[in-house]
>>> print(open('target-v9.pdb').read())   # PDB, C-alpha atoms
MODEL        1
ATOM      1  CA  MET U 827     -35.400  10.658  -7.187
ATOM      2  CA  ALA U 828     -32.201   9.173  -8.600
ATOM      3  CA  GLN U 829     -28.510   9.648  -8.047
ATOM      4  CA  VAL U 830     -26.169  10.433 -10.870
ATOM      5  CA  ARG U 831     -22.480  10.019 -10.309
ATOM      6  CA  VAL U 832     -19.850  11.989 -12.197
ATOM      7  CA  HIS U 833     -16.098  12.252 -11.992
ATOM      8  CA  CYS U 834     -14.818  15.756 -11.222
ATOM      9  CA  GLU U 835     -11.535  16.366 -13.044
ATOM     10  CA  GLN U 836     -10.798  19.325 -10.779
ATOM     11  CA  CYS U 837     -10.643  17.387  -7.508
ATOM     12  CA  ARG U 838     -10.203  14.013  -9.225
ATOM     13  CA  ARG U 839     -13.003  12.421  -7.215
ATOM     14  CA  PRO U 840     -16.356  10.854  -8.002
ATOM     15  CA  VAL U 841     -19.226  13.095  -6.864
ATOM     16  CA  SER U 842     -22.932  12.331  -6.718
ATOM     17  CA  VAL U 843     -25.835  14.573  -7.615
ATOM     18  CA  GLU U 844     -29.495  13.919  -6.822
ATOM     19  CA  VAL U 845     -31.970  14.392  -9.645
ATOM     20  CA  GLN U 846     -35.735  14.638  -9.009
ATOM     21  CA  ASP U 847     -38.180  13.518 -11.728
ATOM     22  CA  GLU U 848     -40.120  16.788 -11.305
ATOM     23  CA  GLU U 849     -37.113  18.770 -12.388
ATOM     24  CA  PHE U 850     -37.708  17.620 -15.968
ATOM     25  CA  GLU U 851     -41.408  18.593 -15.971
ATOM     26  CA  ASN U 852     -40.997  22.240 -16.967
ATOM     27  CA  ASN U 853     -37.843  21.660 -18.956
ATOM     28  CA  PRO U 854     -38.518  21.916 -22.725
ATOM     29  CA  THR U 855     -35.026  20.774 -23.763
ATOM     30  CA  GLY U 856     -35.025  17.609 -21.663
ATOM     31  CA  ILE U 857     -31.530  18.434 -20.489
ATOM     32  CA  LEU U 858     -30.993  19.549 -16.912
ATOM     33  CA  ARG U 859     -28.116  21.895 -16.148
ATOM     34  CA  ILE U 860     -27.075  21.276 -12.559
ATOM     35  CA  LEU U 861     -24.601  23.474 -10.727
ATOM     36  CA  LEU U 862     -22.823  21.176  -8.287
ATOM     37  CA  VAL U 863     -20.789  22.823  -5.534
ATOM     38  CA  HIS U 864     -18.562  20.419  -3.663
ATOM     39  CA  GLY U 865     -15.064  19.654  -2.385
ATOM     40  CA  ASP U 866     -12.597  21.233  -0.036
ATOM     41  CA  PRO U 867     -11.902  23.996  -0.969
ATOM     42  CA  PHE U 868     -15.326  24.516  -2.538
ATOM     43  CA  HIS U 869     -15.470  24.485  -6.292
ATOM     44  CA  ALA U 870     -18.288  24.085  -8.784
ATOM     45  CA  ILE U 871     -19.032  22.074 -11.890
ATOM     46  CA  VAL U 872     -22.013  22.218 -14.239
ATOM     47  CA  VAL U 873     -23.408  18.790 -15.052
ATOM     48  CA  TYR U 874     -25.756  18.234 -18.017
ATOM     49  CA  VAL U 875     -28.117  15.300 -17.451
ATOM     50  CA  ASP U 876     -30.835  14.015 -19.801
ATOM     51  CA  ARG U 877     -34.179  12.350 -18.961
ATOM     52  CA  GLN U 878     -32.534   8.896 -19.059
ATOM     53  CA  LEU U 879     -30.156  10.196 -16.383
ATOM     54  CA  ARG U 880     -27.191  10.000 -18.725
ATOM     55  CA  VAL U 881     -24.516  12.601 -18.196
ATOM     56  CA  ARG U 882     -24.318  14.586 -21.446
ATOM     57  CA  GLY U 883     -21.443  16.789 -20.410
ATOM     58  CA  ILE U 884     -19.571  18.524 -17.598
ATOM     59  CA  GLU U 885     -18.314  22.121 -17.593
ATOM     60  CA  TYR U 886     -15.692  23.534 -15.303
ATOM     61  CA  PRO U 887     -16.176  27.257 -14.567
ATOM     62  CA  ASP U 888     -12.961  29.286 -14.549
ATOM     63  CA  SER U 889     -13.845  30.875 -11.269
ATOM     64  CA  PHE U 890     -16.279  30.237  -8.430
ATOM     65  CA  LYS U 891     -17.494  33.015  -6.122
ATOM     66  CA  ILE U 892     -20.230  33.240  -3.518
ATOM     67  CA  ASP U 893     -21.690  36.689  -2.948
ATOM     68  CA  ALA U 894     -23.640  36.045   0.226
ATOM     69  CA  SER U 895     -23.181  35.576   3.926
ATOM     70  CA  VAL U 896     -22.456  31.990   4.760
ATOM     71  CA  GLU U 897     -23.678  30.309   7.887
ATOM     72  CA  THR U 898     -21.399  27.556   9.077
ATOM     73  CA  THR U 899     -22.658  24.680  11.172
ATOM     74  CA  LEU U 900     -20.248  22.309  12.821
ATOM     75  CA  VAL U 901     -21.285  18.675  12.942
ATOM     76  CA  SER U 902     -19.534  15.741  14.562
ATOM     77  CA  SER U 903     -17.216  13.720  12.342
ATOM     78  CA  ASP U 904     -19.235  10.582  13.216
ATOM     79  CA  SER U 905     -22.420  11.979  11.696
ATOM     80  CA  VAL U 906     -20.592  12.951   8.515
ATOM     81  CA  SER U 907     -18.540   9.809   8.177
ATOM     82  CA  SER U 908     -21.490   7.434   8.574
ATOM     83  CA  SER U 909     -22.184   7.898   4.879
ATOM     84  CA  LEU U 910     -18.903   9.279   3.617
ATOM     85  CA  SER U 911     -17.877   6.156   1.695
ATOM     86  CA  GLU U 912     -21.208   6.137  -0.105
ATOM     87  CA  GLU U 913     -21.061   9.849  -0.884
ATOM     88  CA  LEU U 914     -17.538   9.786  -2.266
ATOM     89  CA  GLY U 915     -17.981   6.477  -4.051
ATOM     90  CA  GLU U 916     -14.854   4.993  -2.546
ATOM     91  CA  SER U 917     -13.855   3.282   0.677
ATOM     92  CA  CYS U 918     -13.084   5.557   3.597
ATOM     93  CA  PHE U 919     -11.641   4.662   6.964
ATOM     94  CA  GLN U 920     -11.704   6.278  10.345
ATOM     95  CA  ALA U 921      -9.202   6.373  13.166
ATOM     96  CA  VAL U 922     -10.023   4.533  16.362
ATOM     97  CA  TYR U 923      -6.724   5.353  18.068
ATOM     98  CA  ALA U 924      -4.091   8.043  17.752
ATOM     99  CA  TYR U 925      -0.979   6.731  15.993
ATOM    100  CA  ASP U 926       1.093   7.155  19.157
ATOM    101  CA  GLU U 927      -1.226   4.693  20.903
ATOM    102  CA  VAL U 928      -0.720   1.913  18.325
ATOM    103  CA  LYS U 929       2.756   2.456  16.911
ATOM    104  CA  ASP U 930       4.509   0.290  19.511
ATOM    105  CA  ARG U 931       2.144  -2.589  18.771
ATOM    106  CA  GLU U 932       2.928  -2.236  15.053
ATOM    107  CA  ARG U 933       6.663  -1.703  15.551
ATOM    108  CA  THR U 934       7.684  -4.666  13.387
ATOM    109  CA  SER U 935       4.960  -4.481  10.740
ATOM    110  CA  PHE U 936       5.904  -3.819   7.111
ATOM    111  CA  ILE U 937       6.674  -0.193   6.300
ATOM    112  CA  LEU U 938       3.792   0.199   3.843
ATOM    113  CA  ASP U 939       1.292  -1.156   6.369
ATOM    114  CA  LYS U 940       2.709   1.178   9.022
ATOM    115  CA  ALA U 941       2.474   4.153   6.659
ATOM    116  CA  VAL U 942      -1.168   3.350   5.837
ATOM    117  CA  LEU U 943      -2.045   2.961   9.511
ATOM    118  CA  LYS U 944      -0.295   6.248  10.318
ATOM    119  CA  ALA U 945      -2.216   8.058   7.557
ATOM    120  CA  VAL U 946      -5.560   6.853   8.926
ATOM    121  CA  CYS U 947      -4.747   7.379  12.599
ATOM    122  CA  GLU U 948      -3.521  10.919  11.990
ATOM    123  CA  SER U 949      -6.372  11.953   9.697
ATOM    124  CA  GLY U 950      -9.536  11.140  11.597
ATOM    125  CA  THR U 951     -11.443  10.100   8.496
ATOM    126  CA  ILE U 952      -9.714   9.473   5.193
ATOM    127  CA  CYS U 953     -10.497   7.867   1.830
ATOM    128  CA  ILE U 954      -8.213   5.369   0.117
ATOM    129  CA  SER U 955      -7.197   7.770  -2.671
ATOM    130  CA  GLN U 956      -6.066  10.249  -0.004
ATOM    131  CA  ILE U 957      -4.189   7.464   1.799
ATOM    132  CA  LYS U 958      -2.505   6.610  -1.516
ATOM    133  CA  ARG U 959      -1.296  10.207  -1.831
ATOM    134  CA  GLN U 960       0.002  10.178   1.738
ATOM    135  CA  VAL U 961       1.994   6.972   1.241
ATOM    136  CA  ALA U 962       3.394   8.058  -2.144
ATOM    137  CA  GLY U 963       6.858   8.513  -0.579
ATOM    138  CA  VAL U 964       6.922   4.888   0.588
ATOM    139  CA  GLU U 965       5.687   3.769  -2.853
ATOM    140  CA  ARG U 966       8.626   5.511  -4.522
ATOM    141  CA  ALA U 967      11.044   4.221  -1.902
ATOM    142  CA  LEU U 968       9.941   0.609  -2.446
ATOM    143  CA  GLY U 969      10.233   1.039  -6.212
ATOM    144  CA  GLU U 970       6.781  -0.355  -6.882
ATOM    145  CA  ARG U 971       3.319   0.854  -7.774
ATOM    146  CA  ILE U 972       0.812   0.656  -4.961
ATOM    147  CA  ASN U 973      -2.784   0.423  -6.134
ATOM    148  CA  LEU U 974      -5.961   1.305  -4.258
ATOM    149  CA  GLN U 975      -6.838  -2.369  -3.818
ATOM    150  CA  GLN U 976      -3.589  -3.004  -1.926
ATOM    151  CA  ILE U 977      -4.299  -0.059   0.346
ATOM    152  CA  GLU U 978      -7.850  -1.246   0.938
ATOM    153  CA  GLU U 979      -6.585  -4.740   1.821
ATOM    154  CA  ILE U 980      -4.176  -3.292   4.362
ATOM    155  CA  CYS U 981      -6.965  -1.154   5.820
ATOM    156  CA  GLU U 982      -9.254  -4.202   5.981
ATOM    157  CA  LYS U 983      -6.579  -6.046   7.951
ATOM    158  CA  TYR U 984      -6.451  -3.200  10.462
ATOM    159  CA  VAL U 985     -10.270  -3.045  10.576
ATOM    160  CA  ARG U 986     -10.316  -6.770  11.492
ATOM    161  CA  GLU U 987      -7.725  -6.073  14.190
ATOM    162  CA  GLY U 988      -9.837  -3.221  15.537
ATOM    163  CA  LEU U 989      -7.228  -0.489  15.063
ATOM    164  CA  ILE U 990      -9.318   1.473  12.553
ATOM    165  CA  ARG U 991     -12.881   1.260  11.291
ATOM    166  CA  ARG U 992     -14.759   1.804   8.056
ATOM    167  CA  ALA U 993     -16.286   5.256   7.675
TER     168      ALA U 993
ATOM    169  CA  MET K 373      53.620 -12.803 -10.888
ATOM    170  CA  PHE K 374      50.476 -14.432  -9.644
ATOM    171  CA  ARG K 375      47.321 -14.728 -11.580
ATOM    172  CA  PHE K 376      44.070 -15.886 -10.071
ATOM    173  CA  ARG K 377      41.417 -17.178 -12.393
ATOM    174  CA  ARG K 378      38.002 -18.025 -11.106
ATOM    175  CA  LYS K 379      35.410 -20.004 -12.906
ATOM    176  CA  LYS K 380      32.080 -18.244 -12.869
ATOM    177  CA  ASP K 381      29.916 -19.712 -10.151
ATOM    178  CA  SER K 382      26.238 -18.865 -10.499
ATOM    179  CA  THR K 383      25.629 -19.170  -6.750
ATOM    180  CA  GLY K 384      27.927 -16.178  -6.223
ATOM    181  CA  ASN K 385      25.631 -14.023  -8.311
ATOM    182  CA  TYR K 386      23.260 -13.683  -5.381
ATOM    183  CA  LEU K 387      25.816 -11.783  -3.316
ATOM    184  CA  ASN K 388      26.323  -9.435  -6.262
ATOM    185  CA  ARG K 389      22.581  -9.036  -6.557
ATOM    186  CA  VAL K 390      22.290  -8.225  -2.840
ATOM    187  CA  VAL K 391      24.893  -5.478  -3.187
ATOM    188  CA  ILE K 392      23.238  -4.127  -6.358
ATOM    189  CA  GLY K 393      19.809  -4.097  -4.708
ATOM    190  CA  MET K 394      21.148  -2.399  -1.599
ATOM    191  CA  GLY K 395      22.947   0.243  -3.666
ATOM    192  CA  ALA K 396      19.896   0.926  -5.829
ATOM    193  CA  GLY K 397      17.671   1.090  -2.746
ATOM    194  CA  LEU K 398      20.023   3.515  -1.003
ATOM    195  CA  VAL K 399      19.950   5.851  -3.991
ATOM    196  CA  LYS K 400      16.259   5.585  -4.840
ATOM    197  CA  ALA K 401      15.030   5.781  -1.266
ATOM    198  CA  ARG K 402      17.704   8.049   0.232
ATOM    199  CA  ASP K 403      15.260  10.780   1.242
ATOM    200  CA  ILE K 404      12.857   8.515   3.069
ATOM    201  CA  LEU K 405      15.605   6.357   4.627
ATOM    202  CA  LEU K 406      16.917   9.414   6.427
ATOM    203  CA  HIS K 407      13.485  10.621   7.483
ATOM    204  CA  PRO K 408      13.086  10.719  11.287
ATOM    205  CA  ASP K 409       9.771   8.811  11.052
ATOM    206  CA  ILE K 410      11.478   5.799   9.479
ATOM    207  CA  ASP K 411      12.753   3.367  12.080
ATOM    208  CA  PRO K 412      15.466   0.742  11.429
ATOM    209  CA  GLN K 413      12.848  -1.917  10.606
ATOM    210  CA  GLY K 414      11.234   0.395   8.047
ATOM    211  CA  ALA K 415      14.593   1.146   6.440
ATOM    212  CA  THR K 416      15.386  -2.593   6.374
ATOM    213  CA  ASP K 417      12.001  -3.283   4.744
ATOM    214  CA  ILE K 418      12.825  -0.794   1.978
ATOM    215  CA  LEU K 419      16.340  -2.067   1.333
ATOM    216  CA  GLY K 420      15.133  -5.678   1.684
ATOM    217  CA  SER K 421      12.518  -5.031  -0.977
ATOM    218  CA  TRP K 422      15.146  -3.734  -3.431
ATOM    219  CA  ILE K 423      17.445  -6.668  -2.624
ATOM    220  CA  GLY K 424      14.535  -9.070  -3.126
ATOM    221  CA  GLN K 425      13.752  -7.548  -6.523
ATOM    222  CA  GLU K 426      17.349  -8.194  -7.609
ATOM    223  CA  ILE K 427      17.248 -11.756  -6.260
ATOM    224  CA  GLY K 428      14.003 -12.298  -8.177
ATOM    225  CA  LYS K 429      15.682 -11.082 -11.385
ATOM    226  CA  GLU K 430      18.578 -13.500 -10.868
ATOM    227  CA  MET K 431      16.221 -16.415 -10.205
ATOM    228  CA  LEU K 432      14.371 -15.627 -13.427
ATOM    229  CA  ARG K 433      17.672 -15.311 -15.299
ATOM    230  CA  GLN K 434      18.789 -18.709 -14.026
ATOM    231  CA  LYS K 435      15.344 -20.112 -14.925
ATOM    232  CA  LEU K 436      14.843 -21.376 -11.379
ATOM    233  CA  VAL K 437      11.342 -19.961 -11.468
ATOM    234  CA  SER K 438       8.818 -18.823 -14.012
ATOM    235  CA  PRO K 439       6.171 -16.110 -13.572
ATOM    236  CA  ARG K 440       3.585 -18.821 -14.257
ATOM    237  CA  ASP K 441       4.686 -20.995 -11.307
ATOM    238  CA  PRO K 442       2.337 -21.137  -8.315
ATOM    239  CA  VAL K 443       3.239 -18.588  -5.627
ATOM    240  CA  GLU K 444       3.761 -21.433  -3.146
ATOM    241  CA  THR K 445       6.475 -22.947  -5.387
ATOM    242  CA  ILE K 446       8.133 -19.578  -5.956
ATOM    243  CA  LEU K 447       8.144 -18.833  -2.229
ATOM    244  CA  ASP K 448       9.713 -22.226  -1.496
ATOM    245  CA  LYS K 449      12.467 -21.614  -4.077
ATOM    246  CA  ILE K 450      13.197 -18.091  -2.825
ATOM    247  CA  LEU K 451      13.653 -19.409   0.703
ATOM    248  CA  ASN K 452      16.012 -22.105  -0.609
ATOM    249  CA  VAL K 453      18.101 -19.527  -2.464
ATOM    250  CA  VAL K 454      18.304 -16.990   0.330
ATOM    251  CA  GLN K 455      19.231 -19.534   3.062
ATOM    252  CA  ILE K 456      17.603 -17.482   5.761
ATOM    253  CA  ALA K 457      17.738 -19.892   8.655
ATOM    254  CA  GLU K 458      18.996 -23.216   9.943
ATOM    255  CA  ASN K 459      15.463 -24.096  10.856
ATOM    256  CA  LEU K 460      12.840 -22.699   8.537
ATOM    257  CA  GLU K 461       9.270 -23.912   8.425
ATOM    258  CA  VAL K 462       6.818 -22.888   5.731
ATOM    259  CA  TYR K 463       3.270 -24.115   5.851
ATOM    260  CA  PHE K 464       0.214 -23.086   3.914
ATOM    261  CA  GLU K 465      -3.222 -22.574   5.348
ATOM    262  CA  GLY K 466      -5.907 -21.490   2.901
ATOM    263  CA  ASP K 467      -4.548 -18.441   1.087
ATOM    264  CA  THR K 468      -1.931 -17.735   3.759
ATOM    265  CA  ALA K 469       1.710 -18.837   3.866
ATOM    266  CA  HIS K 470       3.141 -19.001   7.368
ATOM    267  CA  ILE K 471       6.925 -18.670   7.622
ATOM    268  CA  VAL K 472       8.463 -19.610  10.953
ATOM    269  CA  VAL K 473      12.141 -18.710  11.255
ATOM    270  CA  GLN K 474      14.279 -20.302  13.975
ATOM    271  CA  ASP K 475      18.045 -19.977  14.341
ATOM    272  CA  CYS K 476      18.074 -17.232  11.756
ATOM    273  CA  LEU K 477      21.326 -16.998   9.807
ATOM    274  CA  ILE K 478      20.939 -13.318   8.933
ATOM    275  CA  CYS K 479      19.909 -12.067  12.346
ATOM    276  CA  PRO K 480      22.091  -9.049  13.187
ATOM    277  CA  ARG K 481      21.864  -9.955  16.854
ATOM    278  CA  ARG K 482      22.128 -13.758  16.892
ATOM    279  CA  VAL K 483      24.763 -14.064  14.152
ATOM    280  CA  GLY K 484      26.333 -10.627  14.105
ATOM    281  CA  GLY K 485      26.345 -10.184  17.871
ATOM    282  CA  TYR K 486      25.105  -6.613  17.640
ATOM    283  CA  ASP K 487      23.018  -5.031  20.341
ATOM    284  CA  LEU K 488      19.967  -3.744  18.454
ATOM    285  CA  GLU K 489      18.816  -1.679  21.436
ATOM    286  CA  GLY K 490      15.404  -3.364  21.484
ATOM    287  CA  LEU K 491      14.791  -2.624  17.812
ATOM    288  CA  THR K 492      14.467  -5.040  14.885
ATOM    289  CA  ALA K 493      16.104  -5.016  11.452
ATOM    290  CA  CYS K 494      14.725  -8.139   9.772
ATOM    291  CA  PRO K 495      15.009  -8.142   5.965
ATOM    292  CA  VAL K 496      13.039 -11.375   5.410
ATOM    293  CA  GLY K 497       9.663  -9.745   4.743
ATOM    294  CA  GLY K 498      11.068  -7.147   2.358
ATOM    295  CA  VAL K 499      13.300  -9.634   0.511
ATOM    296  CA  VAL K 500      10.529 -12.203   0.002
ATOM    297  CA  ARG K 501       7.981  -9.550  -0.979
ATOM    298  CA  GLY K 502      10.398  -7.865  -3.414
ATOM    299  CA  ALA K 503      11.404 -11.162  -5.037
ATOM    300  CA  ILE K 504       7.813 -12.321  -5.502
ATOM    301  CA  LEU K 505       6.871  -8.905  -6.888
ATOM    302  CA  THR K 506       9.596  -9.143  -9.542
ATOM    303  CA  ILE K 507       8.849 -12.762 -10.433
ATOM    304  CA  THR K 508       5.054 -12.647 -10.518
ATOM    305  CA  GLY K 509       4.248  -8.931 -10.750
ATOM    306  CA  LYS K 510       2.054  -9.290  -7.659
ATOM    307  CA  ALA K 511       2.722  -7.542  -4.347
ATOM    308  CA  LEU K 512       1.949  -9.835  -1.448
ATOM    309  CA  GLN K 513       0.343  -8.526   1.686
ATOM    310  CA  MET K 514       2.032  -9.418   4.938
ATOM    311  CA  SER K 515      -0.949 -10.271   7.056
ATOM    312  CA  HIS K 516       0.941 -10.844  10.305
ATOM    313  CA  ILE K 517       4.467 -10.191  11.488
ATOM    314  CA  ASP K 518       5.872 -11.222  14.842
ATOM    315  CA  LEU K 519       9.602 -10.525  15.067
ATOM    316  CA  LYS K 520      11.554 -11.391  18.184
ATOM    317  CA  THR K 521      15.193 -10.597  17.659
ATOM    318  CA  GLY K 522      17.382 -13.679  18.175
ATOM    319  CA  ASP K 523      14.367 -15.881  18.867
ATOM    320  CA  ILE K 524      11.548 -17.383  16.767
ATOM    321  CA  CYS K 525      10.117 -14.997  14.180
ATOM    322  CA  LYS K 526       6.852 -15.502  12.309
ATOM    323  CA  ILE K 527       5.757 -13.815   9.106
ATOM    324  CA  ASP K 528       2.456 -14.542   7.357
ATOM    325  CA  PHE K 529       1.922 -13.730   3.682
ATOM    326  CA  LYS K 530      -1.503 -13.555   2.092
ATOM    327  CA  LEU K 531      -0.994 -15.283  -1.248
ATOM    328  CA  SER K 532      -4.087 -14.203  -3.164
TER     329      SER K 532
ENDMDL
END
>>> encode(input="target-v9.pdb", output="C-alpha cells")
Amino acid sequence: MAQVRVHCEQCRRPVSVEVQDEEFENNPTGILRILLVHGDPFHAIVVYVDRQLRVRGIEYPDSFKIDASVETTLVSSDSVSSSLSEELGESCFQAVYAYDEVKDRERTSFILDKAVLKAVCESGTICISQIKRQVAGVERALGERINLQQIEEICEKYVREGLIRRA
Amino acid sequence: MFRFRRKKDSTGNYLNRVVIGMGAGLVKARDILLHPDIDPQGATDILGSWIGQEIGKEMLRQKLVSPRDPVETILDKILNVVQIAENLEVYFEGDTAHIVVQDCLICPRRVGGYDLEGLTACPVGGVVRGAILTITGKALQMSHIDLKTGDICKIDFKLS
C-alpha cells in the first residue's frame, strides 16, 4: 500500500489517497481512476495514477451528488486531530484554552501573534493555511505579506509556552 | 516683511516620516483600527509598523544602512535614530536580540503624563519590526514582550 498526495484546486489543499498494489492487478490500462471524496463541504475529484504511483491527471466533476442514506458518526476532536497534520500535509494546531482565558496574559503581545493565538483558541483545531486566512485582515493592516512559515513560527512559540498544541 | 529660510536638516526628515507612516497606516488600516477586537496596543502595533517602514525607507535613503548589513547592526542603528529611551540596553543571545527600555522617552504615561487606564500603547515593537522589514525584507518575530507602562519594558526579537 502506498500514499499518493495530490493538490485539490477546488479546496486548495493537499489531499492523500491510498493505493493498494492489488488494485493494478486486473487493470489492463495500468492507470487507476480513483474517485476521491473529501473536504468540508464534501466534494469529489478523480485522480489518475499509474503503476509507478505518478499522478497522470486530476478531473474536477461539475457536480457531486450522493443518492443514498448517510450514516453519521460523531468522533471526538482528539481522535481526529491526532493525525490531522499528516492527513492534510500541513501543520495543524489545537486549542488548549479558550481565548478569553489567555487574552489577558497576552495583552501586550504583538497584534499578529495575538490574532494567530485567537484564531487557534477559537477554532478548536486549525491548519496554518486556515489561520493565514483568518489573519488576512491584520496582514493587510500591517501592509506586509505574512507567509505560512511566519505563522508556524508564532504557533511554535505558543506551543512552547503551552497555550496551544500541535494537532 | 519677514522671511524665514531654513536649511534642510536631514534629522528632521524622521518626524516627517513618522507623520507619513501614521497617515498611511490610518488610511490603509482604518477598518481594523476601529474594530472592537483591536485594543490600543494592537492599534499602536499597526501604526508603529507603518511608521517603522517609513523610518526604514529614510535610513536607506540616507545610506545609514544597507539591506546586506547584519540584522544586529541594523537594529542598533534603528535604535540610535529613533531615540526611544534615556537608558536603552540591547544585548544578543544566540539568535535573539533582547531590548530593555528604561526611562522611555516616548512613553505616553511617563513623558506625556496620560492615564492609560491600565492599558499599553508602546510603538517600539511595531516601529522596529516595520523598519527591519523595509530594510532587509525580513519580518522579525517578537518572541517575548513584557511591557510595564512607565517602568522597565522588555522586548525580544528572534533574528533568524
>>> interface_residues(input="target-v9.pdb", of="chain U", to="chain K", cutoff="6 Å", atoms="all atoms listed in the file", output="CSV table (one decimal) with C-alpha atoms, in the coordinates of the input")
chain,number,residue,atom,x,y,z
U,935,SER,CA,5.0,-4.5,10.7
U,937,ILE,CA,6.7,-0.2,6.3
U,967,ALA,CA,11.0,4.2,-1.9
U,968,LEU,CA,9.9,0.6,-2.4
>>> atom_distance(input="target-v9.pdb", atom1="atom CA of U:Val830", atom2="atom CA of U:Ser917")
18.3 Å
>>> residues_near_point(input="target-v9.pdb", point="(-11.3, 23.8, -4.2)", cutoff="12 Å", atoms="only C-alpha atoms", output="ChimeraX atom specification")
/U:834-839,863-871,886-891
>>> write_last_selection(input="target-v9.pdb", atoms="C-alpha atoms", output="compact mmCIF listing (two decimals), in the frame of the given file")
# COMPACT_ATOMS: atom_id res chain seq x y z
CA CYS U 834 -14.82 15.76 -11.22
CA GLU U 835 -11.54 16.37 -13.04
CA GLN U 836 -10.80 19.32 -10.78
CA CYS U 837 -10.64 17.39 -7.51
CA ARG U 838 -10.20 14.01 -9.22
CA ARG U 839 -13.00 12.42 -7.22
CA VAL U 863 -20.79 22.82 -5.53
CA HIS U 864 -18.56 20.42 -3.66
CA GLY U 865 -15.06 19.65 -2.38
CA ASP U 866 -12.60 21.23 -0.04
CA PRO U 867 -11.90 24.00 -0.97
CA PHE U 868 -15.33 24.52 -2.54
CA HIS U 869 -15.47 24.48 -6.29
CA ALA U 870 -18.29 24.08 -8.78
CA ILE U 871 -19.03 22.07 -11.89
CA TYR U 886 -15.69 23.53 -15.30
CA PRO U 887 -16.18 27.26 -14.57
CA ASP U 888 -12.96 29.29 -14.55
CA SER U 889 -13.84 30.88 -11.27
CA PHE U 890 -16.28 30.24 -8.43
CA LYS U 891 -17.49 33.02 -6.12
>>> atom_distance(input="target-v9.pdb", atom1="atom CA of U:Ile952", atom2="atom CA of U:Glu916")
10.3 Å
>>> residues_near_point(input="target-v9.pdb", point="(-8.0, -4.2, -0.4)", cutoff="12 Å", atoms="only C-alpha atoms", output="ChimeraX atom specification")
/U:916-918,939,942,954,972-985 /K:511-513,515,530,532
>>> atom_distance(input="target-v9.pdb", atom1="atom CA of U:Arg991", atom2="atom CA of U:Val961")
18.8 Å
>>> closest_residue(input="target-v9.pdb", among="U:Val928, U:Ile957, U:Ala962, U:Val843", to="U:Ala945", atoms="only C-alpha atoms")
U:Ile957
>>> residues_around(input="target-v9.pdb", residues="K:Arg482", least_positions_apart="2", cutoff="12 Å", atoms="all atoms listed in the file", output="PyMOL selection string")
chain K and resi 457+474-480+484-488+492-494+520-524
>>> residues_around(input="target-v9.pdb", residues="K:Ile507", least_positions_apart="2", cutoff="12 Å", atoms="only C-alpha atoms", output="ChimeraX atom specification")
/K:424-433,435-443,445-447,449-450,500-505,509-512
>>> closest_residue(input="target-v9.pdb", among="U:Thr934, U:Val832, U:Val841, U:Val964", to="U:Tyr874", atoms="all atoms listed in the file")
U:Val832
>>> closest_residue(input="target-v9.pdb", among="K:Pro495, K:Gly395, K:Gly466, K:Pro408", to="K:Val454", atoms="all atoms listed in the file")
K:Pro495
>>> resolve_selection(input="target-v9.pdb", expression="the PyMOL selection byres ((chain K and resi 461) around 7)", output="list in words")
Asn459, Leu460, Val462, Tyr463, Ile471, Val472 and Val473 of chain K
>>> decode(input="target-v9.pdb", residues="stretch 463-482 of chain K", atoms="C-alpha atoms", output="tab-separated table (two decimals), in the first residue's frame")
chain	number	residue	atom	x	y	z
K	463	TYR	CA	22.12	42.51	24.05
K	464	PHE	CA	22.26	39.48	21.82
K	465	GLU	CA	21.93	35.91	22.95
K	466	GLY	CA	22.11	33.28	20.22
K	467	ASP	CA	19.56	34.28	17.58
K	468	THR	CA	17.65	36.55	19.96
K	469	ALA	CA	18.04	40.30	20.49
K	470	HIS	CA	16.89	41.48	23.90
K	471	ILE	CA	15.86	45.14	24.13
K	472	VAL	CA	15.47	46.55	27.62
K	473	VAL	CA	13.92	50.01	27.71
K	474	GLN	CA	14.22	52.17	30.84
K	475	ASP	CA	13.17	55.80	31.17
K	476	CYS	CA	11.37	55.59	27.86
K	477	LEU	CA	11.19	58.91	26.01
K	478	ILE	CA	8.07	58.02	24.03
K	479	CYS	CA	6.04	56.56	26.86
K	480	PRO	CA	2.58	58.18	26.77
K	481	ARG	CA	2.36	57.83	30.54
K	482	ARG	CA	5.87	58.67	31.76
